[in-house]
>>> print(open('data19.pdb').read())   # PDB, C-alpha atoms
MODEL        1
ATOM      1  CA  LYS A   1      -1.963 -67.091 -53.702
ATOM      2  CA  LYS A   2      -3.146 -67.141 -50.142
ATOM      3  CA  ILE A   3      -6.404 -68.768 -49.249
ATOM      4  CA  ARG A   4      -8.015 -67.574 -46.038
ATOM      5  CA  PHE A   5     -10.932 -69.161 -44.291
ATOM      6  CA  SER A   6     -13.274 -67.272 -42.045
ATOM      7  CA  THR A   7     -13.728 -68.662 -38.554
ATOM      8  CA  ASP A   8     -16.927 -70.316 -37.334
ATOM      9  CA  PHE A   9     -18.044 -67.818 -34.662
ATOM     10  CA  GLN A  10     -20.840 -68.800 -32.270
ATOM     11  CA  VAL A  11     -22.619 -67.466 -29.192
ATOM     12  CA  THR A  12     -24.623 -69.658 -26.832
ATOM     13  CA  GLY A  13     -26.679 -68.869 -23.786
ATOM     14  CA  ALA A  14     -28.034 -70.696 -20.764
ATOM     15  CA  ALA A  15     -30.151 -69.789 -17.754
ATOM     16  CA  SER A  16     -29.835 -71.531 -14.401
ATOM     17  CA  TYR A  17     -30.763 -71.318 -10.759
ATOM     18  CA  TYR A  18     -28.244 -73.710  -9.179
ATOM     19  CA  ASN A  19     -25.265 -73.438 -11.582
ATOM     20  CA  GLY A  20     -22.747 -70.641 -11.837
ATOM     21  CA  PRO A  21     -20.874 -68.290  -9.524
ATOM     22  CA  PHE A  22     -23.916 -66.696  -7.825
ATOM     23  CA  THR A  23     -26.342 -67.847  -5.158
ATOM     24  CA  ASN A  24     -29.833 -67.310  -6.498
ATOM     25  CA  THR A  25     -32.846 -66.638  -4.318
ATOM     26  CA  GLY A  26     -36.608 -66.777  -4.559
ATOM     27  CA  PRO A  27     -39.096 -69.542  -5.165
ATOM     28  CA  LEU A  28     -38.757 -72.338  -7.717
ATOM     29  CA  PRO A  29     -41.038 -72.716  -9.509
ATOM     30  CA  PRO A  30     -41.365 -68.936  -9.795
ATOM     31  CA  ARG A  31     -44.425 -67.487  -8.051
ATOM     32  CA  ALA A  32     -46.588 -64.624  -9.249
ATOM     33  CA  ASN A  33     -45.664 -61.333  -7.544
ATOM     34  CA  GLN A  34     -42.521 -62.825  -5.928
ATOM     35  CA  LYS A  35     -38.941 -62.181  -7.066
ATOM     36  CA  THR A  36     -36.654 -65.025  -8.189
ATOM     37  CA  THR A  37     -33.071 -64.514  -9.332
ATOM     38  CA  TYR A  38     -31.364 -66.484 -12.104
ATOM     39  CA  THR A  39     -27.842 -66.782 -13.449
ATOM     40  CA  ILE A  40     -27.387 -66.128 -17.168
ATOM     41  CA  LYS A  41     -24.368 -67.574 -18.975
ATOM     42  CA  TRP A  42     -23.133 -66.351 -22.362
ATOM     43  CA  THR A  43     -20.366 -68.280 -24.136
ATOM     44  CA  LEU A  44     -18.379 -67.290 -27.239
ATOM     45  CA  THR A  45     -16.580 -69.867 -29.368
ATOM     46  CA  ASN A  46     -14.810 -69.886 -32.719
ATOM     47  CA  THR A  47     -12.679 -72.236 -34.734
ATOM     48  CA  ALA A  48      -9.971 -70.994 -37.055
ATOM     49  CA  ASN A  49      -9.049 -67.369 -36.331
ATOM     50  CA  GLN A  50      -9.057 -64.855 -33.514
ATOM     51  CA  VAL A  51     -12.183 -62.696 -33.427
ATOM     52  CA  SER A  52     -11.614 -59.088 -32.379
ATOM     53  CA  ASN A  53     -13.862 -56.256 -31.176
ATOM     54  CA  THR A  54     -16.438 -58.768 -30.015
ATOM     55  CA  GLU A  55     -19.670 -57.512 -28.501
ATOM     56  CA  VAL A  56     -22.678 -59.435 -27.199
ATOM     57  CA  ARG A  57     -26.035 -57.863 -26.383
ATOM     58  CA  ALA A  58     -29.587 -58.807 -25.476
ATOM     59  CA  ALA A  59     -32.666 -57.003 -24.218
ATOM     60  CA  LEU A  60     -34.516 -57.901 -21.045
ATOM     61  CA  PRO A  61     -38.295 -58.152 -20.796
ATOM     62  CA  ILE A  62     -40.050 -55.495 -18.725
ATOM     63  CA  ASN A  63     -40.484 -57.853 -15.736
ATOM     64  CA  VAL A  64     -36.767 -58.771 -15.598
ATOM     65  CA  LYS A  65     -34.136 -56.615 -13.907
ATOM     66  CA  TYR A  66     -30.347 -56.738 -14.400
ATOM     67  CA  LEU A  67     -28.754 -56.850 -10.933
ATOM     68  CA  GLY A  68     -25.338 -55.515 -11.985
ATOM     69  CA  THR A  69     -23.609 -58.675 -10.754
ATOM     70  CA  PHE A  70     -21.281 -60.396 -13.218
ATOM     71  CA  SER A  71     -18.298 -62.727 -13.445
ATOM     72  CA  PRO A  72     -15.430 -62.594 -14.285
ATOM     73  CA  ALA A  73     -15.163 -59.333 -12.353
ATOM     74  CA  ASN A  74     -12.879 -57.719 -14.950
ATOM     75  CA  SER A  75     -15.495 -58.066 -17.716
ATOM     76  CA  ASP A  76     -16.770 -54.977 -19.538
ATOM     77  CA  VAL A  77     -20.528 -55.309 -18.927
ATOM     78  CA  THR A  78     -23.042 -52.473 -18.943
ATOM     79  CA  GLN A  79     -26.727 -51.881 -19.385
ATOM     80  CA  ASP A  80     -27.442 -49.528 -22.270
ATOM     81  CA  SER A  81     -29.429 -46.660 -20.730
ATOM     82  CA  ARG A  82     -31.203 -45.980 -24.033
ATOM     83  CA  THR A  83     -32.255 -49.510 -25.046
ATOM     84  CA  GLY A  84     -32.052 -51.344 -21.717
ATOM     85  CA  GLU A  85     -29.927 -54.034 -23.374
ATOM     86  CA  ILE A  86     -27.190 -55.848 -21.487
ATOM     87  CA  VAL A  87     -23.947 -55.223 -23.413
ATOM     88  CA  TRP A  88     -20.778 -57.293 -23.000
ATOM     89  CA  LYS A  89     -17.733 -55.889 -24.772
ATOM     90  CA  ALA A  90     -15.858 -59.176 -24.846
ATOM     91  CA  GLY A  91     -12.838 -57.909 -26.798
ATOM     92  CA  ASP A  92     -10.774 -60.660 -28.442
ATOM     93  CA  VAL A  93     -11.914 -64.277 -28.615
ATOM     94  CA  ALA A  94      -8.924 -66.571 -29.073
ATOM     95  CA  ARG A  95      -8.470 -68.871 -32.038
ATOM     96  CA  GLY A  96      -9.975 -72.255 -31.209
ATOM     97  CA  ALA A  97     -12.001 -70.946 -28.251
ATOM     98  CA  GLY A  98     -14.282 -73.816 -27.268
ATOM     99  CA  TYR A  99     -12.413 -76.145 -29.635
ATOM    100  CA  GLY A 100      -9.344 -77.036 -27.592
ATOM    101  CA  ALA A 101      -8.911 -73.553 -26.115
ATOM    102  CA  THR A 102     -11.050 -72.155 -23.304
ATOM    103  CA  PRO A 103     -14.227 -70.454 -24.563
ATOM    104  CA  LYS A 104     -14.900 -66.872 -23.507
ATOM    105  CA  THR A 105     -17.674 -66.881 -20.916
ATOM    106  CA  LEU A 106     -19.685 -64.315 -18.982
ATOM    107  CA  TYR A 107     -22.109 -64.901 -16.116
ATOM    108  CA  PHE A 108     -24.561 -62.283 -14.878
ATOM    109  CA  GLN A 109     -27.559 -62.251 -12.609
ATOM    110  CA  VAL A 110     -31.133 -61.164 -13.313
ATOM    111  CA  GLU A 111     -34.278 -60.939 -11.218
ATOM    112  CA  LEU A 112     -37.694 -62.026 -12.493
ATOM    113  CA  LEU A 113     -40.888 -60.584 -11.011
ATOM    114  CA  PRO A 114     -43.689 -62.518 -12.717
ATOM    115  CA  SER A 115     -47.250 -61.244 -12.639
ATOM    116  CA  VAL A 116     -50.538 -63.107 -12.316
ATOM    117  CA  SER A 117     -50.815 -63.042 -16.126
ATOM    118  CA  ASP A 118     -47.601 -65.152 -16.272
ATOM    119  CA  ILE A 119     -49.149 -68.075 -14.350
ATOM    120  CA  GLY A 120     -48.795 -71.277 -16.373
ATOM    121  CA  THR A 121     -46.062 -69.845 -18.632
ATOM    122  CA  SER A 122     -42.263 -70.080 -18.747
ATOM    123  CA  PRO A 123     -41.324 -66.381 -18.938
ATOM    124  CA  VAL A 124     -38.446 -65.073 -21.023
ATOM    125  CA  LEU A 125     -35.471 -63.970 -18.907
ATOM    126  CA  VAL A 126     -33.288 -62.659 -21.753
ATOM    127  CA  GLN A 127     -34.421 -61.850 -25.307
ATOM    128  CA  GLU A 128     -32.525 -63.066 -28.400
ATOM    129  CA  ILE A 129     -28.759 -62.908 -27.848
ATOM    130  CA  LYS A 130     -26.753 -61.214 -30.619
ATOM    131  CA  ALA A 131     -22.965 -61.296 -30.986
ATOM    132  CA  LYS A 132     -20.744 -59.526 -33.466
ATOM    133  CA  GLY A 133     -17.036 -59.272 -34.097
ATOM    134  CA  THR A 134     -14.359 -59.131 -36.785
ATOM    135  CA  ASP A 135     -12.346 -62.084 -38.059
ATOM    136  CA  ALA A 136      -8.761 -60.960 -37.399
ATOM    137  CA  SER A 137      -7.426 -62.922 -40.392
ATOM    138  CA  THR A 138      -9.999 -62.214 -43.105
ATOM    139  CA  THR A 139     -11.391 -58.926 -41.666
ATOM    140  CA  ALA A 140     -14.885 -60.326 -42.307
ATOM    141  CA  LYS A 141     -17.666 -58.953 -40.118
ATOM    142  CA  LEU A 142     -19.134 -61.833 -38.119
ATOM    143  CA  GLU A 143     -22.523 -62.173 -36.477
ATOM    144  CA  ALA A 144     -24.073 -64.924 -34.380
ATOM    145  CA  LYS A 145     -27.398 -65.315 -32.569
ATOM    146  CA  TRP A 146     -28.923 -67.493 -29.856
ATOM    147  CA  ASN A 147     -32.559 -67.978 -28.918
ATOM    148  CA  PRO A 148     -34.179 -66.191 -25.964
ATOM    149  CA  LEU A 149     -33.613 -67.768 -22.546
ATOM    150  CA  THR A 150     -36.624 -68.675 -20.422
ATOM    151  CA  THR A 151     -37.322 -70.244 -17.041
ATOM    152  CA  LYS A 152     -36.943 -73.638 -18.756
ATOM    153  CA  LEU A 153     -33.565 -74.314 -17.131
ATOM    154  CA  TYR A 154     -32.437 -77.218 -19.317
ATOM    155  CA  ASN A 155     -28.744 -76.680 -18.492
ATOM    156  CA  ASP A 156     -29.225 -76.485 -14.730
ATOM    157  CA  GLN A 157     -27.740 -79.327 -12.686
ATOM    158  CA  ASN A 158     -31.072 -79.737 -10.842
ATOM    159  CA  TYR A 159     -33.354 -79.234 -13.846
ATOM    160  CA  SER A 160     -36.960 -80.266 -13.304
ATOM    161  CA  PRO A 161     -39.871 -79.483 -15.638
ATOM    162  CA  THR A 162     -41.967 -78.787 -12.524
ATOM    163  CA  ASN A 163     -39.844 -75.655 -11.871
ATOM    164  CA  GLU A 164     -40.400 -74.025 -15.276
ATOM    165  CA  LYS A 165     -43.815 -72.420 -15.103
ATOM    166  CA  VAL A 166     -45.040 -69.601 -12.922
ATOM    167  CA  VAL A 167     -47.468 -70.681 -10.178
ATOM    168  CA  GLN A 168     -49.950 -68.789  -8.003
TER     169      GLN A 168
ENDMDL
END
>>> encode(input="data19.pdb", output="structure tokens")
Amino acid sequence: KKIRFSTDFQVTGAASYYNGPFTNTGPLPPRANQKTTYTIKWTLTNTANQVSNTEVRAALPINVKYLGTFSPANSDVTQDSRTGEIVWKAGDVARGAGYGATPKTLYFQVELLPSVSDIGTSPVLVQEIKAKGTDASTTAKLEAKWNPLTTKLYNDQNYSPTNEKVVQ
């Protein structure tokens, strides 16, 4: 008998202003009626087996715009014209990605235009992140989720709680 174990497949997300491959612009903290750009990072990891046909997607709030800028440049990233979701067709994620092997990572840039009603809040930049794929060994359908990303830039190298909330 053969015993097969399904891989532990995960997606994580982070928002930043200073980290990543793009130069972001606009005020920090974000100001009502002024545009600020942010870098979004999605990372896929798994343990035991290759994951194939991997896709990651998330919706953007109405006051956030996808700028069409992403890295690595050869990534398959689109914005679904029907749903408005950002869709990354990540393909195969190598066995051990993030656990000894390099995780699969995508960066893209968004622009927030907060309104006066956002003053005092930390607006959402990207809604819940959803990933799916197929375990290449067990053929199990895999799904993973990550919480929405906001202007609380915990993973940013220059993180400061004073830069989280929209100001006048």
>>> closest_residue(input="data19.pdb", among="A:Trp42, A:Trp88, A:Leu112, A:Lys141", to="Leu28 in chain A", atoms="only C-alpha atoms")
A:Leu112
>>> resolve_selection(input="data19.pdb", expression="the PyMOL selection byres ((chain A and resi 33) around 6)", output="list of chain:residue names")
A:Ala32, A:Gln34, A:Leu113, A:Pro114, A:Ser115
>>> closest_residue(input="data19.pdb", among="A:Val124, A:Val110, A:Ala140, A:Ala101", to="Thr45 in chain A", atoms="all atoms listed in the file")
A:Ala101
>>> residues_near_point(input="data19.pdb", point="(-26.0, -53.3, -19.4)", cutoff="12 Å", atoms="only C-alpha atoms", output="PyMOL selection string")
chain A and resi 55-60+65-70+75-89+108-110
>>> write_last_selection(input="data19.pdb", atoms="C-alpha atoms", output="PDB file, in the coordinates of the input")
ATOM      1  CA  GLU A  55     -19.670 -57.512 -28.501  1.00  0.00           C
ATOM      2  CA  VAL A  56     -22.678 -59.435 -27.199  1.00  0.00           C
ATOM      3  CA  ARG A  57     -26.035 -57.863 -26.383  1.00  0.00           C
ATOM      4  CA  ALA A  58     -29.587 -58.807 -25.476  1.00  0.00           C
ATOM      5  CA  ALA A  59     -32.666 -57.003 -24.218  1.00  0.00           C
ATOM      6  CA  LEU A  60     -34.516 -57.901 -21.045  1.00  0.00           C
ATOM      7  CA  LYS A  65     -34.136 -56.615 -13.907  1.00  0.00           C
ATOM      8  CA  TYR A  66     -30.347 -56.738 -14.400  1.00  0.00           C
ATOM      9  CA  LEU A  67     -28.754 -56.850 -10.933  1.00  0.00           C
ATOM     10  CA  GLY A  68     -25.338 -55.515 -11.985  1.00  0.00           C
ATOM     11  CA  THR A  69     -23.609 -58.675 -10.754  1.00  0.00           C
ATOM     12  CA  PHE A  70     -21.281 -60.396 -13.218  1.00  0.00           C
ATOM     13  CA  SER A  75     -15.495 -58.066 -17.716  1.00  0.00           C
ATOM     14  CA  ASP A  76     -16.770 -54.977 -19.538  1.00  0.00           C
ATOM     15  CA  VAL A  77     -20.528 -55.309 -18.927  1.00  0.00           C
ATOM     16  CA  THR A  78     -23.042 -52.473 -18.943  1.00  0.00           C
ATOM     17  CA  GLN A  79     -26.727 -51.881 -19.385  1.00  0.00           C
ATOM     18  CA  ASP A  80     -27.442 -49.528 -22.270  1.00  0.00           C
ATOM     19  CA  SER A  81     -29.429 -46.660 -20.730  1.00  0.00           C
ATOM     20  CA  ARG A  82     -31.203 -45.980 -24.033  1.00  0.00           C
ATOM     21  CA  THR A  83     -32.255 -49.510 -25.046  1.00  0.00           C
ATOM     22  CA  GLY A  84     -32.052 -51.344 -21.717  1.00  0.00           C
ATOM     23  CA  GLU A  85     -29.927 -54.034 -23.374  1.00  0.00           C
ATOM     24  CA  ILE A  86     -27.190 -55.848 -21.487  1.00  0.00           C
ATOM     25  CA  VAL A  87     -23.947 -55.223 -23.413  1.00  0.00           C
ATOM     26  CA  TRP A  88     -20.778 -57.293 -23.000  1.00  0.00           C
ATOM     27  CA  LYS A  89     -17.733 -55.889 -24.772  1.00  0.00           C
ATOM     28  CA  PHE A 108     -24.561 -62.283 -14.878  1.00  0.00           C
ATOM     29  CA  GLN A 109     -27.559 -62.251 -12.609  1.00  0.00           C
ATOM     30  CA  VAL A 110     -31.133 -61.164 -13.313  1.00  0.00           C
TER      31      VAL A 110
END
>>> closest_residue(input="data19.pdb", among="A:Thr39, A:Gln50, A:Asn74, A:Gln10", to="Ala136 in chain A", atoms="only C-alpha atoms")
A:Gln50
>>> resolve_selection(input="data19.pdb", expression="the PyMOL selection byres ((chain A and resi 145-148) around 8)", output="MDAnalysis selection string")
chainID A and resid 10:13 124:131 143:144 149:150
>>> residues_around(input="data19.pdb", residues="Gly91 in chain A", least_positions_apart="2", cutoff="7 Å", atoms="all atoms listed in the file", output="number ranges by chain")
A: 52-54, 89, 93
>>> closest_residue(input="data19.pdb", among="A:Gln168, A:Tyr17, A:Ser117, A:Leu153", to="Asn63 in chain A", atoms="all atoms listed in the file")
A:Ser117
>>> residues_around(input="data19.pdb", residues="Ser6 in chain A", least_positions_apart="4", cutoff="8 Å", atoms="only C-alpha atoms", output="ChimeraX atom specification")
/A:48-49,135,137-138,140
>>> atom_distance(input="data19.pdb", atom1="CA of Gly120 in chain A", atom2="CA of Asn19 in chain A")
24.1 Å
>>> residues_near_point(input="data19.pdb", point="(-10.8, -73.1, -35.8)", cutoff="8 Å", atoms="all atoms listed in the file", output="number ranges by chain")
A: 7-8, 46-49, 95-97, 99
>>> atom_distance(input="data19.pdb", atom1="CA of Ser16 in chain A", atom2="CA of Asp156 in chain A")
5.0 Å
>>> atom_distance(input="data19.pdb", atom1="CA of Pro21 in chain A", atom2="CA of Pro123 in chain A")
22.6 Å
>>> resolve_selection(input="data19.pdb", expression="the PyMOL selection byres ((chain A and resi 167) around 9)", output="PDB file with C-alpha atoms, in the frame of the given file")
ATOM      1  CA  PRO A  29     -41.038 -72.716  -9.509  1.00  0.00           C
ATOM      2  CA  PRO A  30     -41.365 -68.936  -9.795  1.00  0.00           C
ATOM      3  CA  ARG A  31     -44.425 -67.487  -8.051  1.00  0.00           C
ATOM      4  CA  ALA A  32     -46.588 -64.624  -9.249  1.00  0.00           C
ATOM      5  CA  VAL A 116     -50.538 -63.107 -12.316  1.00  0.00           C
ATOM      6  CA  ASP A 118     -47.601 -65.152 -16.272  1.00  0.00           C
ATOM      7  CA  ILE A 119     -49.149 -68.075 -14.350  1.00  0.00           C
ATOM      8  CA  GLY A 120     -48.795 -71.277 -16.373  1.00  0.00           C
ATOM      9  CA  THR A 121     -46.062 -69.845 -18.632  1.00  0.00           C
ATOM     10  CA  LYS A 165     -43.815 -72.420 -15.103  1.00  0.00           C
ATOM     11  CA  VAL A 166     -45.040 -69.601 -12.922  1.00  0.00           C
ATOM     12  CA  GLN A 168     -49.950 -68.789  -8.003  1.00  0.00           C
TER      13      GLN A 168
END
>>> axis_aligned_box(input="data19.pdb", around="range 99-113 of chain A", padding_each_side="6 Å", output="lines of an AutoDock Vina configuration file")
center_x = -24.9
center_y = -68.8
center_z = -20.3
size_x = 44.0
size_y = 28.5
size_z = 30.6
>>> closest_residue(input="data19.pdb", among="A:Gly100, A:Val51, A:Asn158, A:Pro61", to="Leu142 in chain A", atoms="all atoms listed in the file")
A:Val51
>>> closest_residue(input="data19.pdb", among="A:Ser71, A:Thr25, A:Ser122, A:Thr134", to="Ile40 in chain A", atoms="all atoms listed in the file")
A:Ser71
